[in-house]
Amino acid sequence: MNEITIDIIAGVIALTALTTAGGLLLQTLSRRFRVDGSPLVAQIDACLPQTQCGQCGHPGCRPYAEAIASGESINKCPPGGRDTIEALADLLGKEPIPLDAAHGTTELPKVAVIDETVCIGCTKCIVACPVDAILGAAKLMHTVIADECTGCDLCLAPCPVDCIALVPRSWPTRDIKSTASREVIARG
Amino acid sequence: MAECRIIQSPRRLAGGLQRADGKALSLSQPLMQVNPPVLQIALPDTLQDIPPERWSIGAQIEAGQPLFTTQEGITQACPRTATVESVGTGKTLSGSPTPCRLLNLTVVDPDPPRQPSLTPLPANPDGRTLRQRAADAGIVGLGGGGFPAHLKWQHRLHTLIVNGAECEPFLTADEQTMRLRAPAIWDAVVALMSALSLQRCVLVLEDNKPEALAALQAAYPSVLDAQDVCITVIQSQYPSGAERQLIWLALGLEIATTTFPVEHGIVVHNPVTLAALADALHGYPLTDRIVTVTGPSIVTPGTFQTPLGTPIDLLLSQAGGLRPGHHNVFHGGPYTGWPISNTAAGVRATTACLYAAPVVSQTPSPCIRCGACAEVCPVQLQPQQLFAALTHDQLDEALHVGLSQCLECGACDVVCPSNLSLTKTFQDGIRDHQIQQSEKQRADRARTRFEARNQRLLKRSEADETRRAVRRERSGSALDRIRAARAEETH
Amino acid sequence: MLWRIWAPPQSTRAVMQSVWIALIPGTLTSVWIFGPGVLVHLVLAGLGACLAEVIGRRARGLAAMQALQDGSTLLTAWLLALALPPAAPLWLPFVAGLIAIGLGKQLYGGLGQNPVNPAMLAYAILIVSAPVAMTTGWIVPFQGWSTPMPLTGIGVGAVDGLTGATILDLYRTEFRELTAPEIAQHPLFSVGGLGIAPGVEWVALSHLLGGGFLFARRVIRWQAPVGFLVGLLGLAAFFAIDPDNTVPVLTHALAGATLFSAFFIVTDPVSGATSPRGQWWFGLGAGVITYLIRTYGLYPDGVAFAVLFMNFMVPLIDQYTRPRIHGESRSIRGSVRGRS
């Protein structure tokens with residue numbers, strides 16, 4: 001073999017060895033310094049508002065989270081609104097997109113209230129509530145536990161006497177007592 | 001009188017404002033007693049019990065009788081003997097959209113002789129008795145915080161700090177109390193030290209209160225050991241009276257931001273609270289307090305001893321009323337006060353000062369990043385970075401840079417050359433964060449309940465399946481039985 | 001750090017006014033030594049800057065007069081007038097004003113939003129795009145009023161006896177053959193004054209006076225100017241172990257725009273770092289880079305590029321020079337953004 005061929009072969013071997021060593025080093029380092037986070041589905045689920053309403057087309061927030069992890073679009077949650085879309089976009093490295101209007105619009109949070117003068121105690125709403133927020137038993141008064149109600153709307157349809165309504169939740173407000181005074185004495 | 005040890009603190013705040021303190025304005029006349037003909041008491045949203053017979057119109061309530069007890073155990077006593085004029089809902093002091101329940105009373109005897117309505121306690125009560133008495137007498141933080149005193153004493157404590165700094169300009173209620181009621185303050189210190197087994201007490205004063213210092217020195221009781229109890233004088237800066245800042249100035253200790261001072265064994269109390277505690281030990285529940293009525297818009301500013309529930313406009317008229325023109329009346333001082341929208345409402349336990357100033361409209365201009373706000377911040381935050389993050393909807397960035405540590409003291413607002421509402425922006429950000437946290441907790445609860453329900457339904461359907469399988473095994477499938485029965489019938 | 005009872009300026013306009021007052025000594029000295037060019041430039045740069053401000057505000061649908069009232073536009077124009085050569089063509093300051101406010105300020109949203117120093121941005125763009133116009137207008141010291149009609153000296157290009165090289169320019173061109181002490185024999189140095197940097201040294205000292213005023217009024221902090229001077233003069237002093245081939249330290253200090261930049265350019269609050277420690281690093285970095293450009297780079301005075309470079313470093317500096325919050329064990333570093 002002449003010198004040039006030896007040079008070429010030597011060069012190829014050297015480069016291959018270097019790149020292989022580099023690749024092995026990177027792999028070892030990435031394994032050694034891996035940060036174990038919670039599984040992706042749980043992270044996605046943490047961004048969703050847990051209303052369990054089904055407006056996204058899935059029976060609850062967790063199934064939608066699993067669907068998102070498999071590639072479904074992130075703009076199907078009306079109760080989560082813009083904040084949820086942006087949080088999901090941040091998490092998954094995607095672009096935030098506007099809410100898909102086919103799934104509904106974002107409204108102020110609501111709670112269900114049962115009109116006790118009309119309720120017949122049929123338990124159909126209790127069975128429908130995804131978070132067990134309705135208290136009651138057959139032939140006994142039903143009532144919604146306001147603190148647990150997510151405003152998902154699923155109890156309205158089953159009620160045979162139409163005694164449930166959604167009313168705006170008293171949203172926790174910013175304190176009115178904010179500092180508004182400035183020093184009025186001439187400075188200096 | 002025993003010799004009291006006085007220490008000059010060498011420390012000063014890293015930030016802080018030093019301004020003309022405006023206190024001479026309300027100290028120019030002596031403390032005056034106010035005896036209003038009507039009282040308006042705001043009822044808290046949740047009460048432990050509502051004695052129904054007390055609320056009927058025309059019923060007479062004796063001075064000192066308990067009106068209500070809050071969820072935290074604080075019992076509010078009726079300040080004067082009065083008849084119930086009405087119980088209804090009305091506007092709150094701050095003008096918040098949620099109306100509050102109000103109790104309107106017509107005072108029968110505006111200036112009664114003071115009678116103890118609780119049993120006077122013997123000297124040096126133990127911890128449990130002291131806590132119960134503080135709760136029964138309605139002792140809350142009278143510097144403006146309103147935190148129930150007995151809840152602070154649930155921790156293991158070793159040091160008591162009396163916060164006589166009163167660092168905010170114009171406020172003088174604490175100073176008046178220290179001048180006029182020094183023996184009562186020391187009585188409370190003695191009682192606390194023995195009941196809670198405290199090892200030491202430091203009474204902290206700013207250096208602009210020489211008369212108060214003299215009064216406290218003169219009243220120093222001989223039962224206290226000068227080694228354990230001393231007075232520390234700090235430089236007058238705003239806000240030296242903030243709890244963590246005060247602890248650092250007085251003791252040189254920096255409390256970690258993730259903990260509270262009581263967790264480190266240090267409890268801080270306002271001297272007005274201690275004077276009220278001393279009264280409570282003698283049997284007098286909290287019914288009156290000293291309110292400073294002051295400011296450039298008040299005709300004759302001064303300090304007033306007045307029962308809780310005194311209508312604010314009555315107090316203002318006692319101080320000569322407001323000057324002509326447009327003025328804002330603030331609940332609190334010029335830096336931490338908030339505007340009162342309903343001046344017919346009654347004075348509360350937390351009303352330490354009423355500050356009135358002319359309405360000044362100052363248009364804000366953009367932030368020029370001058371850094372003046374960062375220079376005065378007592379917590380050494382970077383207000384310009386917080387402001388930039390919050391105005392661009394980046395709450396997470398603001399929290400990263402330390403938004404939760406903001407004291408909302410207002411020092412940055414004062415020095416900003418662009419007239420930005422920095423403190424309001426930070427307050428809004430902190431509230432938004434709290435709202436976010438509570439919504440997250442709600443969502444977590446909903447998720448747990450949803451999963452629990454799914455588990456329950458799954459278990460039930462599995463149990464049903466098992467039951468059916470067992471029955472099928474025992475007596476064969478239903479279809480076979482029906483076929484057999486039909487076959488029998490046709491035969 | 002405490003604020004005393006006699007408080008420093010309490011509005012943006014008052015801050016700008018303080019800086020105008022601080023610029024007066026330097027401006028007057030410049031006019032006395034180098035002629036009326038500075039004043040003409042002030043008018044023209046002011047026109048360009050205000051025009052850009054008005055166009056920028058109107059284009060965003062905002063009132064134009066409000067923005068002009070805070071005085072920051074005029075300040076940028078004034079800084080440009082002092083930075084540009086006094087005999088430069090008349091279109092130069094006008095265009096500089098347009099670029100500074102149009103590209104350097106309005107494009108980013110107006111007051112408080114510019115990431116770079118607008119005056120230095122315009123200077124850098126012009127020195128790269130119009131090098132001749134930017135370098136042939138330097139007047140020979142004390143000749144500014146020599147012609148019968150001084151105004152005709154402005155904008156006509158190089159004129160023998162009227163325009164000449166700056167001191168740093170001189171050192172740069174002569175270093176190929178001569179040593180520093182030999183360069184100091186050049187007739188330019190005997191024009192008068194301290195003999196270190198004829199003409200411009202008086203302007204520099206006047207700017208020092210103005211800077212002292214700003215510091216006394218609490219408008220600027222000491223960290224940025226001192227950092228700049230330490231960076232620049234420290235390196236100059238270090239390399240002065242070879243005095244024959246390096247520009248003397250005092251010349252670095254008094255020639256070019258050193259003292260002017262130290263007090264008026266690196267102290268710009270909007271584009272500079274905000275914490276005191278951050279300002280120190282900002283000034284230091286700018287000083288070091290200025291020395292490097294002056295000694296090894298193409299341009300005789302590298303302050304503009306040094307400041308622009310450090311402006312881009314400011315977000316990083318701000319993230320890593322925060323003071324420690326009371327109650328935390330260490331200062332908060334970095335940002336939650338940009339970590340995805």
# chains A, B, ... in the order shown; residues from 1 in each chain; ligands from 1
$ interface_residues --of "chain C" --to "chain B" --cutoff "6 Å" --atoms "only C-alpha atoms" --output "VMD selection string"
chain C and resid 1 5 10 to 12 112 269 to 270 274 325 to 328 336
$ residues_around --residues "Gly64 of chain B" --least-positions-apart "6" --cutoff "9 Å" --atoms "only C-alpha atoms" --output "PyMOL selection string"
chain B and resi 76-81+115-118+284-287
$ atom_distance --atom1 "atom CA of Pro248 of chain C" --atom2 "atom CA of Ile220 of chain C"
28.3 Å
$ closest_residue --among "A:Ile44, A:Pro79, A:Ala87, A:Thr19" --to "chain C" --atoms "only C-alpha atoms"
A:Ala87
$ residues_around --residues "segment 147-149 of chain A" --least-positions-apart "4" --cutoff "10 Å" --atoms "only C-alpha atoms" --output "JSON, numbers by chain"
{"A": [51, 110, 111, 112, 113, 129, 130, 131, 132, 133, 134, 153, 169], "B": [442, 443, 445, 446, 449]}
$ closest_residue --among "A:Ala89, A:Ala157, A:Ala165, A:Ile9" --to "chain C" --atoms "only C-alpha atoms"
A:Ala89
$ closest_residue --among "A:Ile68, A:Ala42, A:Leu18, A:Leu91" --to "chain C" --atoms "only C-alpha atoms"
A:Leu91
$ select_by_dssp --residues "segment 108-300 of chain C" --states "alpha helix (DSSP H)" --output "PyMOL selection string"
chain C and resi 118-129+131-135+167-174+180-183+200-216+223-239+249-254+258-260+276-296
$ residues_around --residues "Val219 of chain C" --least-positions-apart "2" --cutoff "10 Å" --atoms "only C-alpha atoms" --output "PyMOL selection string"
(chain B and resi 370+372) or (chain C and resi 8-9+14-16+18-19+211+213-217+221+267+269)
$ select_by_dssp --residues "segment 219-384 of chain B" --states "strand (DSSP E)" --output "ChimeraX atom specification"
/B:229-234,266-269,288-294,302-307,327-331,338-339,353-358
$ atom_distance --atom1 "atom CA of Leu43 of chain B" --atom2 "atom CA of Trp153 of chain B"
25.4 Å
$ closest_residue --among "A:Arg31, A:Lys94, A:Arg62, A:His103" --to "chain B" --atoms "only C-alpha atoms"
A:Arg62
$ residues_around --residues "segment 343-354 of chain B" --least-positions-apart "3" --cutoff "9 Å" --atoms "only C-alpha atoms" --output "mmCIF file with C-alpha atoms, in the first residue's frame"
data_model
loop_
_atom_site.group_PDB
_atom_site.id
_atom_site.type_symbol
_atom_site.label_atom_id
_atom_site.label_comp_id
_atom_site.auth_asym_id
_atom_site.auth_seq_id
_atom_site.Cartn_x
_atom_site.Cartn_y
_atom_site.Cartn_z
ATOM 1 C CA LEU B 39 -71.639 52.420 67.435
ATOM 2 C CA GLN B 40 -71.417 50.275 64.313
ATOM 3 C CA ILE B 41 -69.800 46.869 64.772
ATOM 4 C CA ALA B 42 -68.975 44.784 61.712
ATOM 5 C CA LYS B 91 -71.062 48.546 52.913
ATOM 6 C CA THR B 92 -67.707 47.630 54.337
ATOM 7 C CA LEU B 93 -65.034 50.092 55.374
ATOM 8 C CA ILE B 139 -56.875 40.544 72.376
ATOM 9 C CA VAL B 140 -55.688 40.831 68.784
ATOM 10 C CA GLY B 141 -52.670 42.615 67.333
ATOM 11 C CA LEU B 142 -53.483 46.278 67.866
ATOM 12 C CA GLY B 143 -50.625 47.625 65.766
ATOM 13 C CA GLY B 144 -52.844 47.006 62.752
ATOM 14 C CA GLY B 145 -52.316 43.314 62.041
ATOM 15 C CA GLY B 146 -55.250 42.028 64.051
ATOM 16 C CA PHE B 170 -47.615 60.332 61.398
ATOM 17 C CA LEU B 171 -48.657 57.370 63.546
ATOM 18 C CA THR B 172 -48.451 58.041 67.288
ATOM 19 C CA ALA B 173 -50.873 55.623 68.966
ATOM 20 C CA ASP B 174 -48.036 53.322 70.085
ATOM 21 C CA LEU B 286 -60.811 44.949 74.752
ATOM 22 C CA THR B 287 -63.419 47.634 74.177
ATOM 23 C CA ASP B 288 -61.523 50.844 73.452
ATOM 24 C CA ARG B 289 -58.370 51.815 71.645
ATOM 25 C CA ILE B 290 -56.245 54.870 70.879
ATOM 26 C CA VAL B 291 -56.598 56.081 67.305
ATOM 27 C CA THR B 292 -54.293 58.680 65.732
ATOM 28 C CA VAL B 293 -56.261 61.052 63.520
ATOM 29 C CA THR B 294 -53.741 63.011 61.499
ATOM 30 C CA GLY B 295 -52.540 64.157 58.134
ATOM 31 C CA THR B 303 -54.814 61.066 69.393
ATOM 32 C CA THR B 306 -62.398 55.792 71.619
ATOM 33 C CA PRO B 307 -64.595 52.697 71.847
ATOM 34 C CA LEU B 308 -64.489 50.149 69.034
ATOM 35 C CA GLY B 309 -67.309 50.770 66.583
ATOM 36 C CA THR B 310 -67.095 54.586 66.769
ATOM 37 C CA PRO B 311 -68.168 55.926 63.375
ATOM 38 C CA ILE B 312 -65.148 57.211 61.528
ATOM 39 C CA ASP B 313 -66.683 60.514 60.491
ATOM 40 C CA LEU B 314 -67.438 61.219 64.132
ATOM 41 C CA LEU B 315 -63.770 60.739 64.978
ATOM 42 C CA LEU B 316 -62.793 62.982 62.088
ATOM 43 C CA VAL B 329 -59.072 59.263 54.280
ATOM 44 C CA PHE B 330 -56.829 56.251 54.760
ATOM 45 C CA HIS B 331 -57.145 53.416 57.249
ATOM 46 C CA GLY B 332 -53.567 53.326 58.421
ATOM 47 C CA GLY B 333 -50.666 55.600 57.617
ATOM 48 C CA GLY B 337 -52.907 52.773 54.550
ATOM 49 C CA ILE B 340 -61.750 54.237 53.300
#
$ atom_distance --atom1 "atom CA of Cys409 of chain B" --atom2 "atom CA of Thr336 of chain B"
5.8 Å
$ closest_residue --among "C:Thr295, C:Thr73, C:Thr27, C:Thr136" --to "Pro89 of chain C" --atoms "only C-alpha atoms"
C:Thr136
$ residues_around --residues "segment 37-43 of chain C" --least-positions-apart "4" --cutoff "7 Å" --atoms "only C-alpha atoms" --output "PDB file with N, CA and C atoms, in the first residue's frame"
ATOM      1  N   VAL C  31     -17.318  74.512  23.118  1.00  0.00           N
ATOM      2  CA  VAL C  31     -17.579  75.656  22.234  1.00  0.00           C
ATOM      3  C   VAL C  31     -16.400  76.617  22.256  1.00  0.00           C
ATOM      4  N   LEU C  47     -33.421  68.354  16.222  1.00  0.00           N
ATOM      5  CA  LEU C  47     -34.490  68.292  15.220  1.00  0.00           C
ATOM      6  C   LEU C  47     -34.716  66.859  14.761  1.00  0.00           C
ATOM      7  N   ALA C  77     -30.089  63.808  22.082  1.00  0.00           N
ATOM      8  CA  ALA C  77     -29.549  64.694  21.045  1.00  0.00           C
ATOM      9  C   ALA C  77     -28.325  65.436  21.549  1.00  0.00           C
ATOM     10  N   TRP C  78     -28.355  65.873  22.793  1.00  0.00           N
ATOM     11  CA  TRP C  78     -27.236  66.603  23.372  1.00  0.00           C
ATOM     12  C   TRP C  78     -25.999  65.703  23.450  1.00  0.00           C
ATOM     13  N   ALA C  81     -24.553  65.423  20.092  1.00  0.00           N
ATOM     14  CA  ALA C  81     -23.870  66.645  19.673  1.00  0.00           C
ATOM     15  C   ALA C  81     -22.464  66.701  20.241  1.00  0.00           C
ATOM     16  N   LEU C  82     -22.291  66.200  21.459  1.00  0.00           N
ATOM     17  CA  LEU C  82     -20.965  66.214  22.070  1.00  0.00           C
ATOM     18  C   LEU C  82     -20.078  65.095  21.549  1.00  0.00           C
ATOM     19  N   PRO C  86     -17.006  68.251  15.662  1.00  0.00           N
ATOM     20  CA  PRO C  86     -17.661  69.566  15.553  1.00  0.00           C
ATOM     21  C   PRO C  86     -17.806  70.085  14.125  1.00  0.00           C
ATOM     22  N   ALA C  87     -16.920  69.674  13.212  1.00  0.00           N
ATOM     23  CA  ALA C  87     -17.015  70.208  11.852  1.00  0.00           C
ATOM     24  C   ALA C  87     -17.631  69.193  10.898  1.00  0.00           C
ATOM     25  N   PRO C  93     -25.398  65.165  12.077  1.00  0.00           N
ATOM     26  CA  PRO C  93     -26.125  65.142  13.358  1.00  0.00           C
ATOM     27  C   PRO C  93     -27.620  64.911  13.188  1.00  0.00           C
ATOM     28  N   ILE C 154     -17.965  74.657   9.349  1.00  0.00           N
ATOM     29  CA  ILE C 154     -18.675  73.418   9.678  1.00  0.00           C
ATOM     30  C   ILE C 154     -19.214  72.785   8.413  1.00  0.00           C
TER      31      ILE C 154
END
